[in-house]
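**Q** Take this structure first; my questions come after.
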Amino acid sequence: NKGAYPYYMLKEIDEQAVVARNIAAHYFDEDGNLQGIGCAITDRMQEADRLYIVAAGTSYHAGLVGKRYFEQWAKIPTEVHIASEFAYDQPMLSEKPFFIFLSQSGETADSREVLDNVKKQGYPALTLANVMNSTLTREADFALPVLAGPEIAVASTKAYTAQVLVQAILASALGNPGFDLKAELAKVAVEISAITDEKESFKQIAETALKGQKSAFYIGRGLDAAVALEAALKLKEISYVQTEGFAAGELKHGTISLIEDGTPVFALLTQEKTAGLLRGEVAQVAARGANTIILASESLAKEGDAFVLPEVNELLMPILAVIPAQLIAYYATLDRGLDVDRPRNLAKSVTVQ
Ligand code: F6R
């Protein structure tokens with residue numbers, strides 16, 4: 001039920017603050033201790049010499065963020081793979097691999113194919129899914145809920161943020177993040193609402209920057225490059241504006257030739273280490289005529305930036321940085337008079353290979 005919302009997508013974007021709170025309430029007890037992740041899971045993961053995250057689409061993008069948590073906190077090397085590729089061209093594996101399947105629906109055929117393959121090879125697998133009791137949760141050795149609640153809009157929003165959150169919590173069960181994750185997640189939930197309260201800003205950005213445009217870019221570095229891929233997918237899949245998500249440093253190696261007068265280039269700027277370089281790349285595309293729209297976290301923001309993101313721990317910024325992109329995609333699509341919830345040619349759950 002959409003209630004007062006015109007589209008499920010907007011309702012699901014707004015639900016992200018509650019989802020963050022529900023996830024924290026499920027995985028932390030009152031004293032801040034982790035719960036709900038059995039040691040059968042953590043023991044098996046600790047034994048592994050490498051994690052392989054396998055997923056498709058938006059869930060793959062969530063995996064690209066999760067990799068950082070497993071490597072930085074749990075200190076386990078982690079690879080992220082597109083399921084449809086891994087299924088038929090399995091890369092060389094480490095000696096003791098552990099597989100993590102990320103899926104909203106739990107039914108994605110490409111991911112199921114990989115799970116079948118790795119089970120035949122005798123490797124342990126954990127599924128993180130939004131729909132529990134789905135094929136991927138039933139057939140893996142272990143399963144943990146993503147707890148986003150039913151997601152109806154074809155474009156995935158809250159399942160992405162929920163997958164990122166649950167990966168952060170799982171990684172914190174394996175190694176110390178070095179800060180109070182539970183407290184920081186409470187802050188994340190508050191700041192998600194602060195961003196979703198700014199709908200009018202994103203509506204304006206969408207209607208001015210994307211009006212009549214056939215193509216657009218999202219750029220970033222580090223975790224922002226991972227978010228740029230998801231931001232671009234959101235925009236292109238529902239508005240049909242051809243959008244590339246790009247690691248900003250790669251632009252100069254070819255793609256910058258596509259920049260024309262007025263081409264919208266959205267820059268996600270939340271990572272301190274590379275903020276200066278990214279500013280340089282924004283200047284380079286602006287010098288070639290691009291309409292640059294900078295979304296920067298508070299401590300990195302400068303005058304003239306289009307939107308200032310509230311700040312949480314830098315590694316958790318993907319959860320906040322994706323929300324403007326979801327809202328920009330929503331309003332750009334609305335502005336074009338298209339059906340936000342049901343883009344052409346797409347199904348919510350892709351059960352064919
Ligand atoms: C995009 C989208 C898809 C799915 C992909 C995987 O908004 O929803 O890219 O993320 O089809 O689906 P799940 O997560 O159900 O395995």
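In the structure tokens, chains take letters A, B, ... by order of appearance, with residues numbered from 1 within each chain and ligands from 1 in the order shown.
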Just want the 6 Å neighbourhood of region 167-182 of chain A, counted on only C-alpha atoms, with same-chain residues fewer than 2 positions away dropped. Output as a PyMOL selection string.

**A** chain A and resi 66+69-70+73-74+164-165+184-185

**Q** Output N, CA and C atoms for every residue in the selection just made, as a PDB file, in the first residue's frame.

**A**
```
ATOM      1  N   GLY A  66      30.422  -2.863   0.592  1.00  0.00           N
ATOM      2  CA  GLY A  66      30.663  -3.829   1.668  1.00  0.00           C
ATOM      3  C   GLY A  66      32.099  -4.336   1.700  1.00  0.00           C
ATOM      4  N   TYR A  69      34.305  -2.691   4.139  1.00  0.00           N
ATOM      5  CA  TYR A  69      34.143  -3.044   5.560  1.00  0.00           C
ATOM      6  C   TYR A  69      34.845  -4.370   5.878  1.00  0.00           C
ATOM      7  N   PHE A  70      34.679  -5.337   4.988  1.00  0.00           N
ATOM      8  CA  PHE A  70      35.310  -6.643   5.244  1.00  0.00           C
ATOM      9  C   PHE A  70      36.833  -6.518   5.205  1.00  0.00           C
ATOM     10  N   TRP A  73      37.858  -3.585   8.313  1.00  0.00           N
ATOM     11  CA  TRP A  73      37.559  -3.958   9.697  1.00  0.00           C
ATOM     12  C   TRP A  73      37.892  -5.422   9.970  1.00  0.00           C
ATOM     13  N   ALA A  74      37.432  -6.310   9.101  1.00  0.00           N
ATOM     14  CA  ALA A  74      37.641  -7.741   9.342  1.00  0.00           C
ATOM     15  C   ALA A  74      38.997  -8.214   8.836  1.00  0.00           C
ATOM     16  N   VAL A 164      23.979  -2.421   2.518  1.00  0.00           N
ATOM     17  CA  VAL A 164      25.228  -1.797   2.969  1.00  0.00           C
ATOM     18  C   VAL A 164      25.302  -1.859   4.498  1.00  0.00           C
ATOM     19  N   LEU A 165      24.202  -1.530   5.149  1.00  0.00           N
ATOM     20  CA  LEU A 165      24.183  -1.533   6.614  1.00  0.00           C
ATOM     21  C   LEU A 165      24.463  -2.926   7.189  1.00  0.00           C
ATOM     22  N   GLU A 184      26.807   5.205  15.778  1.00  0.00           N
ATOM     23  CA  GLU A 184      26.932   5.861  14.469  1.00  0.00           C
ATOM     24  C   GLU A 184      25.726   5.531  13.586  1.00  0.00           C
ATOM     25  N   LEU A 185      25.191   4.308  13.724  1.00  0.00           N
ATOM     26  CA  LEU A 185      24.020   3.952  12.922  1.00  0.00           C
ATOM     27  C   LEU A 185      22.798   4.753  13.351  1.00  0.00           C
TER      28      LEU A 185
END
```

**Q** Applying 12 Å and only C-alpha atoms, which residues near Arg21 (chain A) remain after dropping the ones on its own chain fewer than 3 positions away? List them as a list in words.

**A**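 Listing them by chain and then by number gives Glu15, Gln16, Ala17, Val18, Ala24, Ala25, His26, Tyr27, Phe28, Leu147, Ala148, Thr161, Ala162, Leu165, Val166, Lys182, Ala183, Glu184, Leu185, Ala186, Lys187, Val188, Ala189, Val190, Glu191, Ile192 and Ser193 of chain A.
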
**Q** Which neighbours of region 293-301 of chain A fall inside 10 Å, counting only C-alpha atoms, when residues of the same chain fewer than 4 positions from it are skipped, and could you give them as a tab-separated table (two decimals) with N, CA, C and O atoms, in the first residue's frame?

**A**
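Output file out-v8.tsv is given in full below:
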```tsv
chain	number	residue	atom	x	y	z
A	205	ILE	N	17.04	20.48	-8.49
A	205	ILE	CA	18.28	20.04	-9.16
A	205	ILE	C	17.91	19.18	-10.37
A	205	ILE	O	18.40	19.37	-11.48
A	209	ALA	N	18.93	20.66	-13.95
A	209	ALA	CA	20.13	20.05	-14.55
A	209	ALA	C	19.80	19.02	-15.64
A	209	ALA	O	20.56	18.85	-16.58
A	218	TYR	N	27.78	10.54	-13.24
A	218	TYR	CA	28.06	10.62	-11.80
A	218	TYR	C	29.52	10.25	-11.62
A	218	TYR	O	29.96	9.22	-12.14
A	219	ILE	N	30.26	11.08	-10.92
A	219	ILE	CA	31.67	10.74	-10.69
A	219	ILE	C	32.01	10.80	-9.20
A	219	ILE	O	31.34	11.47	-8.41
A	264	PRO	N	25.26	17.35	-17.76
A	264	PRO	CA	25.27	17.34	-16.30
A	264	PRO	C	26.27	16.32	-15.75
A	264	PRO	O	26.25	15.15	-16.12
A	265	VAL	N	27.14	16.79	-14.90
A	265	VAL	CA	28.10	15.89	-14.22
A	265	VAL	C	27.89	16.06	-12.71
A	265	VAL	O	28.19	17.12	-12.15
A	266	PHE	N	27.37	15.02	-12.09
A	266	PHE	CA	27.17	15.05	-10.65
A	266	PHE	C	28.42	14.48	-9.98
A	266	PHE	O	28.87	13.39	-10.36
A	267	ALA	N	28.97	15.21	-9.02
A	267	ALA	CA	30.15	14.71	-8.32
A	267	ALA	C	29.80	14.42	-6.87
A	267	ALA	O	29.20	15.26	-6.18
A	268	LEU	N	30.15	13.22	-6.43
A	268	LEU	CA	29.93	12.83	-5.03
A	268	LEU	C	31.25	13.03	-4.30
A	268	LEU	O	32.27	12.42	-4.67
A	269	LEU	N	31.22	13.84	-3.26
A	269	LEU	CA	32.48	14.23	-2.64
A	269	LEU	C	32.38	14.03	-1.13
A	269	LEU	O	31.97	14.93	-0.40
A	270	THR	N	32.69	12.82	-0.69
A	270	THR	CA	32.57	12.52	0.75
A	270	THR	C	33.85	11.92	1.33
A	270	THR	O	33.89	11.60	2.51
A	271	GLN	N	34.87	11.72	0.48
A	271	GLN	CA	36.07	11.02	0.95
A	271	GLN	C	37.24	12.00	1.01
A	271	GLN	O	37.71	12.50	-0.02
A	272	GLU	N	37.71	12.24	2.21
A	272	GLU	CA	38.66	13.32	2.43
A	272	GLU	C	39.95	13.16	1.62
A	272	GLU	O	40.43	14.10	0.99
A	275	ALA	N	39.47	14.25	-1.95
A	275	ALA	CA	38.59	15.39	-2.23
A	275	ALA	C	39.26	16.41	-3.14
A	275	ALA	O	38.64	16.93	-4.08
A	276	GLY	N	40.55	16.67	-2.90
A	276	GLY	CA	41.26	17.65	-3.71
A	276	GLY	C	41.36	17.21	-5.17
A	276	GLY	O	41.12	17.99	-6.09
A	279	ARG	N	38.00	17.57	-6.82
A	279	ARG	CA	37.73	18.98	-7.16
A	279	ARG	C	38.42	19.33	-8.49
A	279	ARG	O	37.88	20.06	-9.31
A	282	VAL	N	36.46	17.89	-11.34
A	282	VAL	CA	35.24	18.68	-11.56
A	282	VAL	C	35.61	19.93	-12.37
A	282	VAL	O	34.92	20.29	-13.34
A	286	ALA	N	34.22	21.03	-16.02
A	286	ALA	CA	33.56	22.35	-16.11
A	286	ALA	C	34.22	23.19	-17.20
A	286	ALA	O	33.55	23.88	-17.97
A	305	ASP	N	28.67	24.59	-3.96
A	305	ASP	CA	28.25	23.19	-4.08
A	305	ASP	C	26.72	23.13	-4.06
A	305	ASP	O	26.07	23.95	-3.39
A	306	ALA	N	26.17	22.15	-4.78
A	306	ALA	CA	24.71	22.10	-4.93
A	306	ALA	C	24.02	21.62	-3.67
A	306	ALA	O	22.90	22.04	-3.36
A	307	PHE	N	24.69	20.72	-2.93
A	307	PHE	CA	24.04	20.19	-1.72
A	307	PHE	C	25.11	19.77	-0.72
A	307	PHE	O	26.11	19.17	-1.09
A	308	VAL	N	24.86	20.09	0.54
A	308	VAL	CA	25.80	19.70	1.60
A	308	VAL	C	25.21	18.52	2.36
A	308	VAL	O	24.11	18.61	2.92
A	309	LEU	N	25.91	17.40	2.32
A	309	LEU	CA	25.46	16.19	3.01
A	309	LEU	C	25.88	16.25	4.48
A	309	LEU	O	27.02	16.58	4.78
A	310	PRO	N	24.95	15.90	5.38
A	310	PRO	CA	25.34	15.80	6.78
A	310	PRO	C	26.42	14.74	6.92
A	310	PRO	O	26.54	13.84	6.10
A	311	GLU	N	27.19	14.83	7.99
A	311	GLU	CA	28.36	13.97	8.08
A	311	GLU	C	28.22	12.87	9.13
A	311	GLU	O	27.80	13.12	10.25
A	312	VAL	N	28.59	11.67	8.74
A	312	VAL	CA	28.75	10.54	9.67
A	312	VAL	C	30.14	9.96	9.37
A	312	VAL	O	30.85	10.49	8.51
A	314	GLU	N	33.15	8.45	7.76
A	314	GLU	CA	33.37	8.49	6.31
A	314	GLU	C	33.03	7.18	5.60
A	314	GLU	O	32.56	7.16	4.48
A	317	MET	N	29.40	6.98	4.75
A	317	MET	CA	28.84	8.04	3.90
A	317	MET	C	28.11	7.52	2.65
A	317	MET	O	27.18	8.17	2.17
A	320	LEU	N	24.43	7.76	3.02
A	320	LEU	CA	23.84	9.09	2.88
A	320	LEU	C	23.99	9.62	1.46
A	320	LEU	O	23.09	10.29	0.94
A	321	ALA	N	25.11	9.33	0.82
A	321	ALA	CA	25.38	9.92	-0.50
A	321	ALA	C	24.45	9.38	-1.59
A	321	ALA	O	24.20	10.06	-2.59
A	324	PRO	N	20.43	11.45	-2.20
A	324	PRO	CA	20.17	12.50	-3.19
A	324	PRO	C	20.03	11.92	-4.60
A	324	PRO	O	19.16	12.35	-5.37
A	325	ALA	N	20.85	10.94	-4.93
A	325	ALA	CA	20.79	10.35	-6.27
A	325	ALA	C	19.46	9.64	-6.50
A	325	ALA	O	18.89	9.70	-7.60
```

**Q** With only C-alpha atoms and all ligand atoms counted, collect every polymer residue having an atom within 9 Å of ligand 1; state the result as a PDB file with C-alpha atoms, in the first residue's frame.

**A**
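That gives us out.pdb:
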```
ATOM      1  CA  ALA A  55      25.423 -10.251  -6.829  1.00  0.00           C
ATOM      2  CA  ALA A  56      23.703  -8.416  -9.678  1.00  0.00           C
ATOM      3  CA  GLY A  57      22.728  -4.820 -10.389  1.00  0.00           C
ATOM      4  CA  THR A  58      22.091  -2.673  -7.365  1.00  0.00           C
ATOM      5  CA  SER A  59      23.026  -5.512  -5.025  1.00  0.00           C
ATOM      6  CA  TYR A  60      26.397  -5.761  -6.791  1.00  0.00           C
ATOM      7  CA  HIS A  61      26.870  -2.059  -6.143  1.00  0.00           C
ATOM      8  CA  PHE A 101      25.384 -13.720  -1.956  1.00  0.00           C
ATOM      9  CA  LEU A 102      23.671 -10.353  -1.827  1.00  0.00           C
ATOM     10  CA  SER A 103      20.113 -10.152  -3.103  1.00  0.00           C
ATOM     11  CA  GLN A 104      16.935  -8.226  -2.500  1.00  0.00           C
ATOM     12  CA  SER A 105      14.629 -10.903  -3.909  1.00  0.00           C
ATOM     13  CA  GLY A 106      16.693 -13.985  -3.177  1.00  0.00           C
ATOM     14  CA  GLU A 107      15.533 -15.301  -6.558  1.00  0.00           C
ATOM     15  CA  THR A 108      17.946 -13.796  -9.088  1.00  0.00           C
ATOM     16  CA  ALA A 109      18.755 -16.570 -11.544  1.00  0.00           C
ATOM     17  CA  ASP A 110      22.331 -15.442 -12.209  1.00  0.00           C
ATOM     18  CA  SER A 111      23.149 -15.552  -8.500  1.00  0.00           C
ATOM     19  CA  ALA A 129      18.651 -11.253   1.368  1.00  0.00           C
ATOM     20  CA  ASN A 130      15.669  -9.043   1.872  1.00  0.00           C
ATOM     21  CA  VAL A 131      13.191 -11.805   1.094  1.00  0.00           C
ATOM     22  CA  ALA A 153       9.239  -0.232  -6.941  1.00  0.00           C
ATOM     23  CA  VAL A 154      11.367  -1.842  -9.639  1.00  0.00           C
ATOM     24  CA  ALA A 155      14.227   0.560  -8.881  1.00  0.00           C
ATOM     25  CA  SER A 156      15.823  -0.664  -5.699  1.00  0.00           C
ATOM     26  CA  THR A 157      16.439   1.976  -3.023  1.00  0.00           C
ATOM     27  CA  ALA A 159      17.298  -2.625  -0.186  1.00  0.00           C
ATOM     28  CA  TYR A 160      20.605  -1.049  -1.255  1.00  0.00           C
ATOM     29  CA  GLU A 230      24.529   2.973  -8.178  1.00  0.00           C
ATOM     30  CA  LEU A 233      21.934   3.086 -12.503  1.00  0.00           C
ATOM     31  CA  LYS A 234      19.080   4.727 -10.585  1.00  0.00           C
ATOM     32  CA  GLU A 237      16.906   2.865 -15.367  1.00  0.00           C
ATOM     33  CA  ILE A 238      13.850   4.995 -14.643  1.00  0.00           C
ATOM     34  CA  LEU A 346      12.373  -4.327 -16.506  1.00  0.00           C
ATOM     35  CA  ALA A 347      11.039  -6.811 -13.961  1.00  0.00           C
ATOM     36  CA  LYS A 348      11.439  -6.550 -10.201  1.00  0.00           C
ATOM     37  CA  SER A 349      12.987  -9.938  -9.918  1.00  0.00           C
ATOM     38  CA  VAL A 350      15.077 -11.344 -12.745  1.00  0.00           C
ATOM     39  CA  THR A 351      14.497 -15.075 -12.658  1.00  0.00           C
TER      40      THR A 351
END
```

**Q** Excluding Leu51 (chain A) and any residue of its chain fewer than 6 positions from it, enumerate the residues within 7 Å of it, using only C-alpha atoms, and give them as number ranges by chain.

**A** A: 76-79, 97-99

**Q** List as a PyMOL selection string the protein and nucleic acid residues near Gly262 (chain A), meaning an atom at most 6 Å away when only C-alpha atoms are counted, but skip any in the same chain fewer than 5 places from it.

**A** chain A and resi 289-291

**Q** Between CA of Ala206 (chain A) and CA of Pro150 (chain A), what distance in Å does the model show, to one decimal?

**A**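 So the answer is 26.9 Å.
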
**Q** Running DSSP on the backbone, which parts of region 89-125 of chain A land in strand (DSSP E), as a VMD selection string?

**A** chain A and resid 97 to 103 125

**Q** Generate the output file for the selected residues, C-alpha atoms, as a short mmCIF file (atom, residue, chain, number, x, y, z; two decimals), in the first residue's frame.

**A**
```
data_model
loop_
_atom_site.label_atom_id
_atom_site.label_comp_id
_atom_site.auth_asym_id
_atom_site.auth_seq_id
_atom_site.Cartn_x
_atom_site.Cartn_y
_atom_site.Cartn_z
CA PRO A 97 37.05 -19.07 -0.14
CA PHE A 98 33.83 -18.01 1.55
CA PHE A 99 30.91 -16.81 -0.56
CA ILE A 100 28.46 -14.04 0.24
CA PHE A 101 25.38 -13.72 -1.96
CA LEU A 102 23.67 -10.35 -1.83
CA SER A 103 20.11 -10.15 -3.10
CA ALA A 125 28.04 -19.70 1.37
#
```

**Q** For each of A:Gln121, A:Tyr8, A:Leu223, A:Ile152, take the minimum atom-to-atom distance to Lys67 (chain A), counting only C-alpha atoms, then give the residue where this is smallest.

**A**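 Nearest candidate to Lys67 (chain A) out of A:Gln121, A:Tyr8, A:Leu223, A:Ile152: A:Leu223.
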
**Q** What does the distance between CA of Thr137 (chain A) and CA of Gly63 (chain A) come to in Å, to one decimal place?

**A**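 So the answer is 16.9 Å.
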
**Q** Show which residues sit within 10 Å of Ala87 (chain A), as a list in words. Count only C-alpha atoms, and ignore same-chain residues fewer than 4 positions away.

**A**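 The residues that qualify are Val54, His81, Ile82, Ala83, Pro91, Asp110, Ser111, Arg112, Glu113, Val114, Leu115, Asp116, Asn117, Val118 and Gln353 of chain A.
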
**Q** Would you save the residues of that selection, restricted to all heavy atoms, as a JSON list (two decimals), in the first residue's frame?

**A**
```
[["chain", "number", "residue", "atom", "x", "y", "z"],
["A", 54, "VAL", "N", 29.00, -12.08, -4.39],
["A", 54, "VAL", "CA", 28.43, -12.29, -5.72],
["A", 54, "VAL", "C", 27.02, -11.71, -5.75],
["A", 54, "VAL", "O", 26.21, -11.98, -4.86],
["A", 54, "VAL", "CB", 28.40, -13.81, -6.06],
["A", 54, "VAL", "CG1", 27.80, -14.03, -7.44],
["A", 54, "VAL", "CG2", 29.80, -14.41, -5.97],
["A", 81, "HIS", "N", 31.93, -9.75, -7.31],
["A", 81, "HIS", "CA", 31.73, -10.24, -8.67],
["A", 81, "HIS", "C", 30.29, -10.11, -9.15],
["A", 81, "HIS", "O", 29.35, -10.28, -8.37],
["A", 81, "HIS", "CB", 32.15, -11.71, -8.75],
["A", 81, "HIS", "CG", 33.62, -11.92, -8.65],
["A", 81, "HIS", "ND1", 34.44, -11.88, -9.74],
["A", 81, "HIS", "CD2", 34.43, -12.11, -7.57],
["A", 81, "HIS", "CE1", 35.71, -12.06, -9.35],
["A", 81, "HIS", "NE2", 35.72, -12.21, -8.03],
["A", 82, "ILE", "N", 30.18, -9.86, -10.45],
["A", 82, "ILE", "CA", 28.88, -9.85, -11.12],
["A", 82, "ILE", "C", 28.49, -11.31, -11.34],
["A", 82, "ILE", "O", 29.24, -12.09, -11.94],
["A", 82, "ILE", "CB", 29.00, -9.12, -12.47],
["A", 82, "ILE", "CG1", 29.28, -7.63, -12.22],
["A", 82, "ILE", "CG2", 27.75, -9.31, -13.31],
["A", 82, "ILE", "CD1", 29.62, -6.85, -13.47],
["A", 83, "ALA", "N", 27.30, -11.66, -10.86],
["A", 83, "ALA", "CA", 26.89, -13.07, -10.87],
["A", 83, "ALA", "C", 26.88, -13.66, -12.28],
["A", 83, "ALA", "O", 27.37, -14.78, -12.50],
["A", 83, "ALA", "CB", 25.51, -13.21, -10.23],
["A", 91, "PRO", "N", 36.53, -17.09, -11.77],
["A", 91, "PRO", "CA", 37.93, -16.70, -11.63],
["A", 91, "PRO", "C", 38.68, -17.72, -10.77],
["A", 91, "PRO", "O", 38.07, -18.56, -10.11],
["A", 91, "PRO", "CB", 37.84, -15.35, -10.92],
["A", 91, "PRO", "CG", 36.56, -15.40, -10.16],
["A", 91, "PRO", "CD", 35.62, -16.25, -10.95],
["A", 110, "ASP", "N", 20.87, -15.47, -12.04],
["A", 110, "ASP", "CA", 22.33, -15.44, -12.21],
["A", 110, "ASP", "C", 23.04, -15.79, -10.90],
["A", 110, "ASP", "O", 24.01, -16.54, -10.88],
["A", 110, "ASP", "CB", 22.79, -14.05, -12.69],
["A", 110, "ASP", "CG", 22.32, -13.75, -14.11],
["A", 110, "ASP", "OD1", 22.34, -14.67, -14.94],
["A", 110, "ASP", "OD2", 21.95, -12.59, -14.37],
["A", 111, "SER", "N", 22.53, -15.26, -9.80],
["A", 111, "SER", "CA", 23.15, -15.55, -8.50],
["A", 111, "SER", "C", 22.88, -17.00, -8.09],
["A", 111, "SER", "O", 23.74, -17.66, -7.50],
["A", 111, "SER", "CB", 22.60, -14.60, -7.43],
["A", 111, "SER", "OG", 22.84, -13.26, -7.82],
["A", 112, "ARG", "N", 21.70, -17.49, -8.42],
["A", 112, "ARG", "CA", 21.38, -18.89, -8.10],
["A", 112, "ARG", "C", 22.32, -19.85, -8.82],
["A", 112, "ARG", "O", 22.74, -20.86, -8.27],
["A", 112, "ARG", "CB", 19.93, -19.19, -8.46],
["A", 112, "ARG", "CG", 18.94, -18.52, -7.51],
["A", 112, "ARG", "CD", 17.51, -18.70, -7.97],
["A", 112, "ARG", "NE", 17.16, -20.11, -8.11],
["A", 112, "ARG", "CZ", 16.00, -20.54, -8.58],
["A", 112, "ARG", "NH1", 15.07, -19.67, -8.95],
["A", 112, "ARG", "NH2", 15.73, -21.82, -8.67],
["A", 113, "GLU", "N", 22.61, -19.50, -10.07],
["A", 113, "GLU", "CA", 23.52, -20.35, -10.86],
["A", 113, "GLU", "C", 24.90, -20.43, -10.16],
["A", 113, "GLU", "O", 25.49, -21.50, -10.04],
["A", 113, "GLU", "CB", 23.66, -19.75, -12.28],
["A", 113, "GLU", "CG", 24.57, -20.51, -13.21],
["A", 113, "GLU", "CD", 24.01, -21.85, -13.66],
["A", 113, "GLU", "OE1", 22.77, -22.04, -13.60],
["A", 113, "GLU", "OE2", 24.82, -22.72, -14.06],
["A", 114, "VAL", "N", 25.37, -19.29, -9.68],
["A", 114, "VAL", "CA", 26.69, -19.30, -9.01],
["A", 114, "VAL", "C", 26.61, -20.10, -7.71],
["A", 114, "VAL", "O", 27.51, -20.89, -7.41],
["A", 114, "VAL", "CB", 27.18, -17.85, -8.71],
["A", 114, "VAL", "CG1", 28.52, -17.89, -7.99],
["A", 114, "VAL", "CG2", 27.28, -17.03, -9.99],
["A", 115, "LEU", "N", 25.54, -19.90, -6.97],
["A", 115, "LEU", "CA", 25.41, -20.65, -5.71],
["A", 115, "LEU", "C", 25.42, -22.16, -5.98],
["A", 115, "LEU", "O", 26.11, -22.92, -5.30],
["A", 115, "LEU", "CB", 24.12, -20.24, -4.97],
["A", 115, "LEU", "CG", 23.83, -21.00, -3.66],
["A", 115, "LEU", "CD1", 24.97, -20.89, -2.67],
["A", 115, "LEU", "CD2", 22.54, -20.48, -3.01],
["A", 116, "ASP", "N", 24.69, -22.59, -7.01],
["A", 116, "ASP", "CA", 24.71, -24.01, -7.39],
["A", 116, "ASP", "C", 26.13, -24.48, -7.67],
["A", 116, "ASP", "O", 26.57, -25.52, -7.18],
["A", 116, "ASP", "CB", 23.90, -24.21, -8.69],
["A", 116, "ASP", "CG", 22.42, -24.37, -8.40],
["A", 116, "ASP", "OD1", 22.06, -24.45, -7.21],
["A", 116, "ASP", "OD2", 21.64, -24.41, -9.37],
["A", 117, "ASN", "N", 26.84, -23.67, -8.47],
["A", 117, "ASN", "CA", 28.21, -24.04, -8.85],
["A", 117, "ASN", "C", 29.12, -24.16, -7.64],
["A", 117, "ASN", "O", 29.89, -25.12, -7.52],
["A", 117, "ASN", "CB", 28.82, -22.99, -9.79],
["A", 117, "ASN", "CG", 28.14, -22.94, -11.14],
["A", 117, "ASN", "OD1", 27.33, -23.81, -11.46],
["A", 117, "ASN", "ND2", 28.43, -21.91, -11.92],
["A", 118, "VAL", "N", 29.06, -23.18, -6.75],
["A", 118, "VAL", "CA", 30.03, -23.21, -5.64],
["A", 118, "VAL", "C", 29.67, -24.28, -4.62],
["A", 118, "VAL", "O", 30.54, -24.85, -3.97],
["A", 118, "VAL", "CB", 30.25, -21.82, -4.98],
["A", 118, "VAL", "CG1", 30.72, -20.81, -5.99],
["A", 118, "VAL", "CG2", 29.05, -21.33, -4.24],
["A", 353, "GLN", "N", 18.19, -16.35, -16.82],
["A", 353, "GLN", "CA", 19.61, -16.02, -16.99],
["A", 353, "GLN", "C", 19.85, -15.25, -18.27],
["A", 353, "GLN", "O", 19.18, -15.45, -19.25],
["A", 353, "GLN", "CB", 20.43, -17.30, -17.02],
["A", 353, "GLN", "CG", 20.61, -17.89, -15.63],
["A", 353, "GLN", "CD", 21.55, -19.06, -15.67],
["A", 353, "GLN", "OE1", 22.69, -18.92, -16.11],
["A", 353, "GLN", "NE2", 21.11, -20.19, -15.20]]
```

**Q** For the structure I just gave you, how does DSSP split region 18-234 of chain A - specifically, which residues are helix (DSSP H, G or I)? Reply as a ChimeraX atom specification.

**A** /A:18-27,39-47,57-72,83-86,109-120,135-139,158-174,181-196,199-209,223-234

**Q** What's the 10 Å shell around Asp339 (chain A), counting only C-alpha atoms, without same-chain residues fewer than 3 positions away, as number ranges by chain?

**A** A: 7, 238-239, 330, 333-334, 336, 342-344
